[in-house]
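Student: This is the structure I want to talk about, given as structure tokens.
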Amino acid sequence: MKILFIGSRLFDDVSWYLKEEGITSILTESNENAENINLADKKYIVPRGMDKPMEIAIKEDVDAVIPLIGIDPPLADVGKLKDNLKENGIPVIASSYYTANLAADKFETKKLLKENDIKTPFFKKLSKPYDIEDIENELPVVLKTPEGQAGKGVKVALTKEDISEFLSAKDNVFTEEFVQGFEVSIETLRWGNDTVALCPVYKGDTTLKGTHPMSKIKQAPLDIDNLDNKSHNNDLRILAEKIANLVDVEGTMDMDILHDPSNNHDYVIELNTRPSGTRYMTAASSNIYPLCQLIDMAKGNWSSKSVKSNMMNYYATELPIGDFPDNKRVPSVKRFDGDNSYIVHGPKHYQRVTIRAQSKSKLNDLTYDLVEDYAKNNDINFL
């Protein structure tokens, strides 16, 4: 079997699995100096866009295409590629043009959620000339642009000056109610109308500083109100599968949620049809590797029943440590090596370590052993 991968940055997440499965890999990348490009069996340096990957997929007669793209803008073009290659009998393991466009537009996503009676924080489109005094009455308030991603195009406004500063530099803005609570992500896999939601991951409390989840300590299982990775029928999983079916996701989807403990409500804030920033936590807590699941979809032997039967239950945490201690071993493969193990990921100075263990006490012990200084300086209380 031969699979074409688009983008090399995340390729080390799957290269070990490809070797295990005996699958030939071809990689296209626009940056000749990008990381991981030499891990594939064959590589092509191509211009940005999907024209060349489509040409190579046909030329190489691949069995499937898997985009490993971690940002929203190219995903609509991936959807077009999916339609074009369908005529050649080559499946693209990704969402359609419609679904990718919808997920990339955070305002349209919230409109769809509201239309389908799915809770989302109150939101309102702003029109020029902006009435800053009216917005000021809602403080604290979240200001967003429809294409906001990874903290860009998002501002938690606390003052009139915050509002003025954001609006002066942005067009096409909407407001969103600030929810005091905590953030949760849950990944969902879907292929051939078969859907399974994976374990909910706790991403930290919401803050008025607007701290990005990547800078917070993540934990799993989400041990509140019986919402954990031990039950396939908890409310968040049911909700995630409902939404994945509603928008006709294919491949993977990451759903971001705000949980308000004061009323026990879960508010969906956005959907992402790209590899999730919580994928290591998903793998740590359940032993299900989302990007490797895309390969199983390409192989034609994927099913939600199989995923559920293979799902395991671990305690896990992820820490934004900056630089991993020099005196500790950095695993060379992005795979957990046993019941009590860890993965180090991210670029130098921005590294994170994801740790899993069979119990809370073992998780604490392993965490302190690996990053004692970080653990001492941060109040880590595992759920």
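Going by the structure tokens order, chains are called A, B, ..., each with residues numbered from 1, while ligands are numbered from 1 in the order shown.
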Just asking: which residues within stretch 97-222 of chain A are alpha helix (DSSP H) according to DSSP, as a PyMOL selection string?
Tutor: chain A and resi 97-104+106-115+132-136+160-169
Student: Got a sec: who's within 12 Å of A:Glu60, counting only C-alpha atoms, leaving out chain neighbours fewer than 4 positions off, as a compact mmCIF listing (two decimals) with C-alpha atoms, in the first residue's frame?
Tutor:
```txt
# COMPACT_ATOMS: atom_id res chain seq x y z
CA MET A 1 0.00 0.00 0.00
CA LYS A 2 1.16 3.53 -0.82
CA ILE A 3 -0.07 6.74 0.88
CA LEU A 4 0.69 10.35 0.03
CA THR A 24 5.11 3.00 1.60
CA SER A 25 5.00 6.73 2.34
CA ILE A 26 5.33 9.65 -0.05
CA LEU A 27 5.55 13.17 1.35
CA LYS A 42 9.97 9.37 -0.93
CA LYS A 43 9.62 13.14 -0.82
CA TYR A 44 8.71 15.96 -3.17
CA LYS A 52 1.19 19.57 -7.19
CA PRO A 53 0.05 17.10 -4.50
CA MET A 54 -2.86 16.17 -6.75
CA GLU A 55 -0.53 15.69 -9.72
CA ILE A 56 1.83 13.54 -7.63
CA ALA A 64 -4.94 7.35 -0.47
CA VAL A 65 -3.97 10.88 0.52
CA ILE A 90 -8.16 8.08 -4.66
```
Student: Just want the 10 Å neighbourhood of A:Leu370, counted on only C-alpha atoms, with same-chain residues fewer than 4 positions away dropped. Output as a PyMOL selection string.
Tutor: chain A and resi 324-325+327-329+342+353+355+365-366+374-375
Student: Using only C-alpha atoms, find each residue of stretch 233-268 of chain A with at least one atom at most 10 Å away from an atom of stretch 280-290 of chain A; report its shortest atom-to-atom pair and that distance in Å (one decimal), sort the rows by chain and rising residue number, and return the result as CSV.
Tutor:
```
residue,atom,partner,partner_atom,distance
A:Gly251,CA,A:Pro290,CA,9.0
A:Thr252,CA,A:Pro290,CA,7.3
A:Met253,CA,A:Pro290,CA,9.7
```
Student: With only C-alpha atoms as the atoms that count, which of A:Thr367, A:Val196, A:Asp323, A:Lys19 lies nearest to A:His349?
Tutor: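 Checking each of A:Thr367, A:Val196, A:Asp323, A:Lys19 against A:His349, counting only C-alpha atoms, the winner is A:Asp323.
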Student: Do a neighbour search on A:Lys308 at 9 Å with only C-alpha atoms, toss out local chain neighbours closer than 4 positions, and write the hits as a PDB file with N, CA and C atoms, in the first residue's frame.
Tutor:
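Once everything was written out, this is result-v8.pdb:
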```pdb
ATOM      1  N   VAL A 196     -16.991   7.882  16.135  1.00  0.00           N
ATOM      2  CA  VAL A 196     -16.667   7.613  17.536  1.00  0.00           C
ATOM      3  C   VAL A 196     -15.963   8.834  18.124  1.00  0.00           C
ATOM      4  N   LEU A 198     -13.659  10.354  21.179  1.00  0.00           N
ATOM      5  CA  LEU A 198     -12.631   9.849  22.077  1.00  0.00           C
ATOM      6  C   LEU A 198     -12.744  10.532  23.442  1.00  0.00           C
ATOM      7  N   HIS A 232     -18.415   5.228  27.148  1.00  0.00           N
ATOM      8  CA  HIS A 232     -18.661   5.629  25.760  1.00  0.00           C
ATOM      9  C   HIS A 232     -19.983   6.380  25.627  1.00  0.00           C
ATOM     10  N   SER A 303     -13.172   0.991  11.957  1.00  0.00           N
ATOM     11  CA  SER A 303     -14.541   0.985  12.470  1.00  0.00           C
ATOM     12  C   SER A 303     -14.553   1.552  13.878  1.00  0.00           C
ATOM     13  N   SER A 304     -15.642   2.227  14.220  1.00  0.00           N
ATOM     14  CA  SER A 304     -15.773   2.781  15.560  1.00  0.00           C
ATOM     15  C   SER A 304     -15.809   1.658  16.604  1.00  0.00           C
ATOM     16  N   MET A 312      -8.206   2.183  25.979  1.00  0.00           N
ATOM     17  CA  MET A 312      -7.736   1.863  27.317  1.00  0.00           C
ATOM     18  C   MET A 312      -7.928   3.065  28.234  1.00  0.00           C
TER      19      MET A 312
END
```
Student: Just checking: using only C-alpha atoms, which residue out of A:Lys334, A:Arg48, A:Lys218, A:Lys106 ends up closest to A:Met255?
Tutor: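 Result for the nearest residue to A:Met255: A:Lys106.
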Student: May I have the residues within 10 Å of stretch 191-195 of chain A as a PyMOL selection string, using only C-alpha atoms and disregarding those fewer than 5 positions away in the same chain?
Tutor: chain A and resi 93-95+240-242+244-245+248-252+294+297-298+300+302-305+307
Student: Could those selected residues go to a file with N, CA and C atoms, as a PDB file, in the first residue's frame?
Tutor:
```
ATOM      1  N   ILE A  93      -8.330  11.461   3.074  1.00  0.00           N
ATOM      2  CA  ILE A  93      -8.837  11.247   4.441  1.00  0.00           C
ATOM      3  C   ILE A  93      -8.893  12.603   5.146  1.00  0.00           C
ATOM      4  N   ALA A  94      -9.931  13.347   4.802  1.00  0.00           N
ATOM      5  CA  ALA A  94     -10.128  14.692   5.339  1.00  0.00           C
ATOM      6  C   ALA A  94     -11.551  15.108   5.036  1.00  0.00           C
ATOM      7  N   SER A  95     -11.978  16.208   5.630  1.00  0.00           N
ATOM      8  CA  SER A  95     -13.346  16.687   5.433  1.00  0.00           C
ATOM      9  C   SER A  95     -13.510  17.380   4.091  1.00  0.00           C
ATOM     10  N   ALA A 240     -20.404  15.324  20.877  1.00  0.00           N
ATOM     11  CA  ALA A 240     -19.377  15.393  19.836  1.00  0.00           C
ATOM     12  C   ALA A 240     -19.758  14.561  18.616  1.00  0.00           C
ATOM     13  N   GLU A 241     -20.297  13.371  18.856  1.00  0.00           N
ATOM     14  CA  GLU A 241     -20.706  12.521  17.729  1.00  0.00           C
ATOM     15  C   GLU A 241     -21.892  13.129  16.990  1.00  0.00           C
ATOM     16  N   LYS A 242     -22.816  13.737  17.724  1.00  0.00           N
ATOM     17  CA  LYS A 242     -23.956  14.408  17.095  1.00  0.00           C
ATOM     18  C   LYS A 242     -23.488  15.515  16.161  1.00  0.00           C
ATOM     19  N   ALA A 244     -20.406  15.927  14.828  1.00  0.00           N
ATOM     20  CA  ALA A 244     -19.627  15.371  13.712  1.00  0.00           C
ATOM     21  C   ALA A 244     -20.543  14.862  12.609  1.00  0.00           C
ATOM     22  N   ASN A 245     -21.627  14.213  12.988  1.00  0.00           N
ATOM     23  CA  ASN A 245     -22.599  13.735  12.005  1.00  0.00           C
ATOM     24  C   ASN A 245     -23.340  14.901  11.349  1.00  0.00           C
ATOM     25  N   ASP A 248     -21.044  16.484   8.867  1.00  0.00           N
ATOM     26  CA  ASP A 248     -20.510  15.494   7.924  1.00  0.00           C
ATOM     27  C   ASP A 248     -18.979  15.485   7.901  1.00  0.00           C
ATOM     28  N   VAL A 249     -18.391  15.454   9.096  1.00  0.00           N
ATOM     29  CA  VAL A 249     -16.934  15.364   9.217  1.00  0.00           C
ATOM     30  C   VAL A 249     -16.437  14.064   8.602  1.00  0.00           C
ATOM     31  N   GLU A 250     -15.250  14.112   8.013  1.00  0.00           N
ATOM     32  CA  GLU A 250     -14.544  12.894   7.612  1.00  0.00           C
ATOM     33  C   GLU A 250     -13.106  13.012   8.083  1.00  0.00           C
ATOM     34  N   GLY A 251     -12.580  11.921   8.609  1.00  0.00           N
ATOM     35  CA  GLY A 251     -11.242  11.954   9.196  1.00  0.00           C
ATOM     36  C   GLY A 251     -11.342  12.293  10.663  1.00  0.00           C
ATOM     37  N   THR A 252     -10.828  13.459  11.032  1.00  0.00           N
ATOM     38  CA  THR A 252     -10.797  13.844  12.437  1.00  0.00           C
ATOM     39  C   THR A 252     -11.400  15.222  12.655  1.00  0.00           C
ATOM     40  N   LEU A 294      -6.224   7.691  10.984  1.00  0.00           N
ATOM     41  CA  LEU A 294      -6.445   8.121   9.593  1.00  0.00           C
ATOM     42  C   LEU A 294      -5.834   7.118   8.620  1.00  0.00           C
ATOM     43  N   MET A 297      -8.169   4.279   8.286  1.00  0.00           N
ATOM     44  CA  MET A 297      -9.260   4.649   7.369  1.00  0.00           C
ATOM     45  C   MET A 297      -8.809   4.464   5.925  1.00  0.00           C
ATOM     46  N   ALA A 298      -7.572   4.890   5.632  1.00  0.00           N
ATOM     47  CA  ALA A 298      -7.036   4.741   4.273  1.00  0.00           C
ATOM     48  C   ALA A 298      -6.909   3.270   3.883  1.00  0.00           C
ATOM     49  N   GLY A 300      -8.897   0.976   4.780  1.00  0.00           N
ATOM     50  CA  GLY A 300     -10.225   0.415   4.542  1.00  0.00           C
ATOM     51  C   GLY A 300     -10.684  -0.553   5.604  1.00  0.00           C
ATOM     52  N   TRP A 302     -11.194   0.448   9.030  1.00  0.00           N
ATOM     53  CA  TRP A 302     -11.479   1.227  10.236  1.00  0.00           C
ATOM     54  C   TRP A 302     -12.938   1.075  10.645  1.00  0.00           C
ATOM     55  N   SER A 303     -13.172   0.991  11.957  1.00  0.00           N
ATOM     56  CA  SER A 303     -14.541   0.985  12.470  1.00  0.00           C
ATOM     57  C   SER A 303     -14.553   1.552  13.878  1.00  0.00           C
ATOM     58  N   SER A 304     -15.642   2.227  14.220  1.00  0.00           N
ATOM     59  CA  SER A 304     -15.773   2.781  15.560  1.00  0.00           C
ATOM     60  C   SER A 304     -15.809   1.658  16.604  1.00  0.00           C
ATOM     61  N   LYS A 305     -16.385   0.525  16.231  1.00  0.00           N
ATOM     62  CA  LYS A 305     -16.463  -0.610  17.160  1.00  0.00           C
ATOM     63  C   LYS A 305     -15.071  -1.077  17.548  1.00  0.00           C
ATOM     64  N   VAL A 307     -12.317   0.765  17.493  1.00  0.00           N
ATOM     65  CA  VAL A 307     -11.712   1.811  18.322  1.00  0.00           C
ATOM     66  C   VAL A 307     -12.181   1.672  19.763  1.00  0.00           C
TER      67      VAL A 307
END
```
Student: Applying 9 Å and only C-alpha atoms, which residues near stretch 108-117 of chain A remain after dropping the ones on its own chain fewer than 6 positions away? List them as JSON, numbers by chain.
Tutor: {"A": [102, 123, 146, 243, 268, 269, 270, 271]}
Student: What would the file look like if the residues just selected were written as a compact mmCIF listing (two decimals), in the first residue's frame with C-alpha atoms?
Tutor:
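Resulting contents of again_37.txt:
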```txt
# COMPACT_ATOMS: atom_id res chain seq x y z
CA LEU A 102 -17.73 25.90 7.96
CA PHE A 123 -22.68 35.92 20.39
CA PRO A 146 -14.48 34.54 12.12
CA ILE A 243 -22.05 17.45 15.81
CA VAL A 268 -19.46 24.47 22.26
CA ILE A 269 -17.23 27.30 21.02
CA GLU A 270 -15.62 25.92 17.87
CA LEU A 271 -14.88 22.93 15.65
```
Student: From the DSSP assignment of the backbone, select every residue of stretch 68-264 of chain A that is strand (DSSP E or B), and format the answer as a PyMOL selection string.
Tutor: chain A and resi 92+123-125+141-149+152-157+174-177+182-191+194-197+201-205+218-220+224+227+251-260
Student: Tell me, as a compact mmCIF listing (two decimals) with all heavy atoms, in the first residue's frame, which residues lie within 9 Å of stretch 169-182 of chain A, counting only C-alpha atoms; anything in the same chain fewer than 3 positions away does not count.
Tutor:
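Generated file (part_23.txt):
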```txt
# COMPACT_ATOMS: atom_id res chain seq x y z
N PHE A 107 -17.83 32.20 13.19
CA PHE A 107 -19.16 32.81 13.31
C PHE A 107 -20.22 31.91 12.68
O PHE A 107 -21.28 31.67 13.28
CB PHE A 107 -19.18 34.19 12.65
CG PHE A 107 -20.48 34.92 12.84
CD1 PHE A 107 -20.79 35.53 14.04
CD2 PHE A 107 -21.41 34.99 11.80
CE1 PHE A 107 -22.01 36.20 14.22
CE2 PHE A 107 -22.61 35.66 11.97
CZ PHE A 107 -22.91 36.27 13.18
N PRO A 121 -21.85 29.92 23.72
CA PRO A 121 -21.96 31.21 24.40
C PRO A 121 -22.66 32.25 23.53
O PRO A 121 -22.49 32.26 22.30
CB PRO A 121 -20.50 31.59 24.66
CG PRO A 121 -19.78 30.29 24.72
CD PRO A 121 -20.46 29.42 23.72
N PHE A 122 -23.45 33.11 24.15
CA PHE A 122 -24.16 34.16 23.42
C PHE A 122 -23.18 34.94 22.56
O PHE A 122 -22.08 35.29 22.99
CB PHE A 122 -24.86 35.11 24.40
CG PHE A 122 -25.52 36.27 23.73
CD1 PHE A 122 -26.75 36.12 23.11
CD2 PHE A 122 -24.90 37.51 23.69
CE1 PHE A 122 -27.37 37.19 22.47
CE2 PHE A 122 -25.50 38.59 23.05
CZ PHE A 122 -26.74 38.43 22.44
N PHE A 123 -23.57 35.22 21.31
CA PHE A 123 -22.68 35.92 20.39
C PHE A 123 -23.48 36.93 19.59
O PHE A 123 -24.70 36.81 19.42
CB PHE A 123 -21.97 34.93 19.46
CG PHE A 123 -22.89 34.16 18.55
CD1 PHE A 123 -23.01 34.48 17.21
CD2 PHE A 123 -23.64 33.09 19.03
CE1 PHE A 123 -23.85 33.77 16.37
CE2 PHE A 123 -24.48 32.36 18.20
CZ PHE A 123 -24.59 32.70 16.87
N LYS A 124 -22.76 37.92 19.07
CA LYS A 124 -23.43 38.99 18.33
C LYS A 124 -22.46 39.59 17.31
O LYS A 124 -21.32 39.91 17.64
CB LYS A 124 -23.89 40.07 19.31
CG LYS A 124 -24.61 41.24 18.68
CD LYS A 124 -25.19 42.17 19.74
CE LYS A 124 -24.12 42.77 20.61
NZ LYS A 124 -24.65 43.71 21.63
N LYS A 125 -22.92 39.70 16.07
CA LYS A 125 -22.11 40.30 15.01
C LYS A 125 -22.09 41.81 15.19
O LYS A 125 -23.13 42.43 15.49
CB LYS A 125 -22.71 39.94 13.64
CG LYS A 125 -21.87 40.35 12.44
CD LYS A 125 -20.66 39.46 12.32
CE LYS A 125 -19.86 39.75 11.05
NZ LYS A 125 -20.54 39.21 9.85
N LEU A 126 -20.93 42.43 15.02
CA LEU A 126 -20.80 43.87 15.14
C LEU A 126 -20.80 44.51 13.76
O LEU A 126 -20.22 43.99 12.82
CB LEU A 126 -19.51 44.23 15.87
CG LEU A 126 -19.36 43.70 17.30
CD1 LEU A 126 -18.05 44.18 17.90
CD2 LEU A 126 -20.54 44.13 18.17
N SER A 127 -21.46 45.65 13.68
CA SER A 127 -21.52 46.39 12.41
C SER A 127 -20.91 47.77 12.60
O SER A 127 -21.01 48.37 13.67
CB SER A 127 -22.98 46.54 11.94
OG SER A 127 -23.59 45.28 11.76
N LYS A 128 -20.26 48.25 11.56
CA LYS A 128 -19.70 49.61 11.60
C LYS A 128 -20.81 50.63 11.36
O LYS A 128 -21.73 50.36 10.57
CB LYS A 128 -18.60 49.74 10.55
CG LYS A 128 -17.33 48.96 10.90
CD LYS A 128 -16.24 49.26 9.89
CE LYS A 128 -14.93 48.58 10.30
NZ LYS A 128 -13.83 48.89 9.37
N ILE A 135 -20.85 47.82 23.63
CA ILE A 135 -20.00 46.65 23.89
C ILE A 135 -19.45 46.71 25.32
O ILE A 135 -19.35 45.69 26.00
CB ILE A 135 -18.84 46.58 22.87
CG1 ILE A 135 -19.38 46.54 21.44
CG2 ILE A 135 -17.97 45.35 23.14
CD1 ILE A 135 -18.31 46.71 20.39
N GLU A 138 -21.06 44.94 28.19
CA GLU A 138 -20.97 43.48 28.28
C GLU A 138 -19.68 43.00 28.95
O GLU A 138 -19.47 41.79 29.09
CB GLU A 138 -21.06 42.88 26.87
CG GLU A 138 -22.33 43.25 26.11
CD GLU A 138 -22.31 42.75 24.67
OE1 GLU A 138 -21.50 41.85 24.37
OE2 GLU A 138 -23.08 43.28 23.85
N LEU A 139 -18.80 43.91 29.34
CA LEU A 139 -17.50 43.52 29.88
C LEU A 139 -17.64 42.61 31.11
O LEU A 139 -18.55 42.82 31.93
CB LEU A 139 -16.69 44.77 30.27
CG LEU A 139 -16.24 45.67 29.12
CD1 LEU A 139 -15.57 46.93 29.64
CD2 LEU A 139 -15.27 44.92 28.20
N PRO A 140 -16.72 41.61 31.27
CA PRO A 140 -15.72 41.20 30.28
C PRO A 140 -16.38 40.50 29.11
O PRO A 140 -17.36 39.78 29.28
CB PRO A 140 -14.82 40.24 31.06
CG PRO A 140 -15.73 39.64 32.09
CD PRO A 140 -16.69 40.75 32.46
N VAL A 141 -15.84 40.71 27.92
CA VAL A 141 -16.42 40.13 26.71
C VAL A 141 -15.30 39.64 25.80
O VAL A 141 -14.19 40.19 25.80
CB VAL A 141 -17.30 41.17 25.97
CG1 VAL A 141 -16.45 42.32 25.45
CG2 VAL A 141 -18.11 40.53 24.86
N VAL A 142 -15.58 38.58 25.06
CA VAL A 142 -14.60 38.03 24.12
C VAL A 142 -14.87 38.62 22.75
O VAL A 142 -16.00 38.57 22.25
CB VAL A 142 -14.69 36.49 24.06
CG1 VAL A 142 -13.61 35.93 23.13
CG2 VAL A 142 -14.56 35.88 25.45
N LEU A 143 -13.84 39.20 22.14
CA LEU A 143 -13.93 39.73 20.78
C LEU A 143 -13.23 38.76 19.83
O LEU A 143 -12.13 38.29 20.11
CB LEU A 143 -13.26 41.10 20.71
CG LEU A 143 -13.81 42.18 21.64
CD1 LEU A 143 -12.94 43.44 21.58
CD2 LEU A 143 -15.25 42.52 21.29
N LYS A 144 -13.89 38.46 18.72
CA LYS A 144 -13.35 37.48 17.79
C LYS A 144 -13.55 37.92 16.35
O LYS A 144 -14.48 38.66 16.03
CB LYS A 144 -14.04 36.11 17.97
CG LYS A 144 -13.71 35.39 19.26
CD LYS A 144 -14.34 33.99 19.27
CE LYS A 144 -13.88 33.18 20.46
NZ LYS A 144 -14.42 31.80 20.44
N THR A 145 -12.68 37.40 15.48
CA THR A 145 -12.91 37.45 14.04
C THR A 145 -13.27 36.04 13.60
O THR A 145 -12.84 35.05 14.22
CB THR A 145 -11.67 37.95 13.29
OG1 THR A 145 -10.57 37.08 13.58
CG2 THR A 145 -11.31 39.37 13.71
N PRO A 146 -14.05 35.88 12.53
CA PRO A 146 -14.48 34.54 12.12
C PRO A 146 -13.35 33.57 11.84
O PRO A 146 -13.49 32.36 12.02
CB PRO A 146 -15.30 34.81 10.84
CG PRO A 146 -15.80 36.20 11.02
CD PRO A 146 -14.68 36.94 11.72
N GLY A 153 -6.74 36.67 16.45
CA GLY A 153 -8.10 37.10 16.15
C GLY A 153 -9.04 36.91 17.30
O GLY A 153 -10.26 36.87 17.12
N VAL A 156 -9.86 38.76 24.98
CA VAL A 156 -10.75 38.92 26.12
C VAL A 156 -10.64 40.37 26.57
O VAL A 156 -9.62 40.79 27.13
CB VAL A 156 -10.36 37.97 27.28
CG1 VAL A 156 -11.31 38.17 28.45
CG2 VAL A 156 -10.42 36.51 26.81
N SER A 164 -11.44 49.24 22.00
CA SER A 164 -11.01 50.18 20.96
C SER A 164 -9.78 49.67 20.22
O SER A 164 -9.69 49.77 18.99
CB SER A 164 -10.71 51.55 21.59
OG SER A 164 -11.85 52.09 22.18
N GLU A 165 -8.82 49.12 20.98
CA GLU A 165 -7.59 48.62 20.37
C GLU A 165 -7.88 47.48 19.41
O GLU A 165 -7.34 47.43 18.29
CB GLU A 165 -6.63 48.16 21.47
CG GLU A 165 -5.31 47.62 20.93
CD GLU A 165 -4.42 47.09 22.04
OE1 GLU A 165 -4.84 47.10 23.21
OE2 GLU A 165 -3.29 46.64 21.72
N PHE A 166 -8.73 46.53 19.81
CA PHE A 166 -9.04 45.39 18.95
C PHE A 166 -9.80 45.83 17.70
O PHE A 166 -9.46 45.42 16.58
CB PHE A 166 -9.87 44.37 19.74
CG PHE A 166 -10.07 43.06 19.02
CD1 PHE A 166 -9.16 42.04 19.17
CD2 PHE A 166 -11.17 42.85 18.20
CE1 PHE A 166 -9.33 40.82 18.52
CE2 PHE A 166 -11.36 41.65 17.55
CZ PHE A 166 -10.44 40.63 17.70
N TYR A 202 -9.23 17.86 29.76
CA TYR A 202 -9.30 19.12 30.52
C TYR A 202 -8.12 20.00 30.12
O TYR A 202 -6.96 19.58 30.19
CB TYR A 202 -9.27 18.81 32.01
CG TYR A 202 -9.04 19.98 32.92
CD1 TYR A 202 -10.10 20.79 33.32
CD2 TYR A 202 -7.77 20.29 33.39
CE1 TYR A 202 -9.90 21.87 34.18
CE2 TYR A 202 -7.55 21.36 34.24
CZ TYR A 202 -8.61 22.14 34.63
OH TYR A 202 -8.40 23.21 35.47
N LYS A 203 -8.40 21.26 29.72
CA LYS A 203 -7.35 22.16 29.23
C LYS A 203 -7.13 23.38 30.13
O LYS A 203 -6.47 24.32 29.72
CB LYS A 203 -7.67 22.62 27.82
CG LYS A 203 -7.75 21.51 26.81
CD LYS A 203 -7.64 22.00 25.38
CE LYS A 203 -8.77 22.93 25.00
NZ LYS A 203 -8.69 23.37 23.60
N GLY A 204 -7.67 23.37 31.33
CA GLY A 204 -7.42 24.46 32.25
C GLY A 204 -8.60 25.42 32.37
O GLY A 204 -9.51 25.44 31.55
N ASP A 205 -8.57 26.22 33.42
CA ASP A 205 -9.63 27.19 33.68
C ASP A 205 -9.58 28.33 32.67
O ASP A 205 -8.52 28.71 32.17
CB ASP A 205 -9.50 27.77 35.08
CG ASP A 205 -9.72 26.72 36.16
OD1 ASP A 205 -10.26 25.65 35.83
OD2 ASP A 205 -9.35 26.97 37.32
N THR A 206 -10.76 28.89 32.37
CA THR A 206 -10.80 30.10 31.56
C THR A 206 -10.23 31.25 32.40
O THR A 206 -10.40 31.30 33.61
CB THR A 206 -12.23 30.44 31.12
OG1 THR A 206 -13.06 30.57 32.29
CG2 THR A 206 -12.79 29.36 30.23
N THR A 207 -9.52 32.16 31.75
CA THR A 207 -8.92 33.28 32.47
C THR A 207 -9.21 34.58 31.75
O THR A 207 -9.37 34.62 30.52
CB THR A 207 -7.38 33.13 32.57
OG1 THR A 207 -6.81 33.29 31.26
CG2 THR A 207 -7.00 31.77 33.12
N LEU A 208 -9.26 35.65 32.52
CA LEU A 208 -9.47 36.97 31.93
C LEU A 208 -8.25 37.43 31.14
O LEU A 208 -8.33 38.38 30.36
CB LEU A 208 -9.82 37.98 33.02
CG LEU A 208 -11.17 37.75 33.72
CD1 LEU A 208 -11.36 38.72 34.87
CD2 LEU A 208 -12.32 37.87 32.73
N ILE A 257 -14.87 23.11 24.01
CA ILE A 257 -16.04 23.31 24.86
C ILE A 257 -15.64 24.15 26.07
O ILE A 257 -14.52 24.03 26.58
CB ILE A 257 -16.58 21.95 25.36
CG1 ILE A 257 -16.97 21.07 24.17
CG2 ILE A 257 -17.74 22.11 26.32
CD1 ILE A 257 -17.02 19.60 24.51
N LEU A 258 -16.55 24.99 26.53
CA LEU A 258 -16.42 25.66 27.82
C LEU A 258 -17.44 25.06 28.76
O LEU A 258 -18.64 25.01 28.45
CB LEU A 258 -16.66 27.17 27.67
CG LEU A 258 -15.67 27.94 26.79
CD1 LEU A 258 -16.08 29.40 26.69
CD2 LEU A 258 -14.25 27.82 27.32
N HIS A 259 -16.99 24.60 29.91
CA HIS A 259 -17.90 24.04 30.92
C HIS A 259 -18.09 25.06 32.03
O HIS A 259 -17.12 25.57 32.60
CB HIS A 259 -17.34 22.75 31.51
CG HIS A 259 -18.22 22.15 32.56
ND1 HIS A 259 -19.32 21.38 32.25
CD2 HIS A 259 -18.19 22.22 33.92
CE1 HIS A 259 -19.91 20.99 33.37
NE2 HIS A 259 -19.25 21.50 34.41
N ASP A 260 -19.34 25.40 32.33
CA ASP A 260 -19.68 26.35 33.38
C ASP A 260 -20.17 25.58 34.60
O ASP A 260 -21.28 25.05 34.61
CB ASP A 260 -20.77 27.30 32.88
CG ASP A 260 -21.11 28.40 33.88
OD1 ASP A 260 -20.68 28.29 35.05
OD2 ASP A 260 -21.79 29.37 33.49
N PRO A 261 -19.34 25.47 35.65
CA PRO A 261 -19.74 24.70 36.83
C PRO A 261 -20.94 25.29 37.56
O PRO A 261 -21.64 24.57 38.28
CB PRO A 261 -18.48 24.75 37.73
CG PRO A 261 -17.37 25.14 36.82
CD PRO A 261 -17.98 26.00 35.77
N SER A 262 -21.21 26.59 37.37
CA SER A 262 -22.31 27.22 38.10
C SER A 262 -23.67 26.69 37.67
O SER A 262 -24.62 26.66 38.46
CB SER A 262 -22.27 28.74 37.93
OG SER A 262 -22.57 29.11 36.58
N TYR A 267 -20.79 24.50 26.75
CA TYR A 267 -20.99 25.40 25.61
C TYR A 267 -19.93 25.09 24.55
O TYR A 267 -18.73 25.20 24.80
CB TYR A 267 -20.85 26.86 26.04
CG TYR A 267 -21.86 27.30 27.09
CD1 TYR A 267 -21.55 27.24 28.45
CD2 TYR A 267 -23.11 27.76 26.71
CE1 TYR A 267 -22.47 27.64 29.41
CE2 TYR A 267 -24.04 28.17 27.67
CZ TYR A 267 -23.71 28.10 29.01
OH TYR A 267 -24.61 28.50 29.96
```
Student: So how far away is atom CA of A:Ser276 from atom CA of A:Glu147, in Å?
Tutor: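 Atom-to-atom, atom CA of A:Glu147 to atom CA of A:Ser276, that is 16.9 Å.
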Student: Just checking: using only C-alpha atoms, which residue out of A:Asn378, A:Ser361, A:Asn313, A:Thr188 ends up closest to A:Ala220?
Tutor: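 Smallest distance to A:Ala220 is found for A:Asn313.
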Student: Choose the residue, out of A:Asn38, A:Asn88, A:Ser306, A:Ser8, that has the smallest atom-to-atom separation from A:Ile66; count only C-alpha atoms.
Tutor: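 Comparing A:Asn38, A:Asn88, A:Ser306, A:Ser8 against A:Ile66, the winner is A:Ser8.
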Student: Tell me, in Å to one decimal, how far atom CA of A:Val14 is from atom CA of A:Asn36.
Tutor: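 Going from atom CA of A:Val14 over to atom CA of A:Asn36 covers 10.8 Å.
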Student: Using only C-alpha atoms, which of A:Cys199, A:Val344, A:Leu246, A:Ile217 sits nearest A:Pro320?
Tutor: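 Looking at the shortest contact to A:Pro320, the residue is A:Ile217.
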Student: My list of candidates is A:Met50, A:Asp326, A:Val62, A:Leu158. Which is closest to A:Ser30 when distances are computed with only C-alpha atoms?
Tutor: A:Met50
Student: Each residue of stretch 245-348 of chain A lying at most 9 Å from stretch 68-71 of chain A should get a row with its shortest atom-to-atom pair and the distance in Å to one decimal, counting only C-alpha atoms; could you produce that, ordered by chain and increasing number, as JSON lines?
Tutor:
```
{"residue": "A:Arg274", "atom": "CA", "partner": "A:Gly70", "partner_atom": "CA", "distance": 5.8}
{"residue": "A:Pro275", "atom": "CA", "partner": "A:Gly70", "partner_atom": "CA", "distance": 5.8}
{"residue": "A:Ser276", "atom": "CA", "partner": "A:Gly70", "partner_atom": "CA", "distance": 7.7}
{"residue": "A:Gly277", "atom": "CA", "partner": "A:Gly70", "partner_atom": "CA", "distance": 8.7}
{"residue": "A:Leu291", "atom": "CA", "partner": "A:Leu68", "partner_atom": "CA", "distance": 8.4}
```
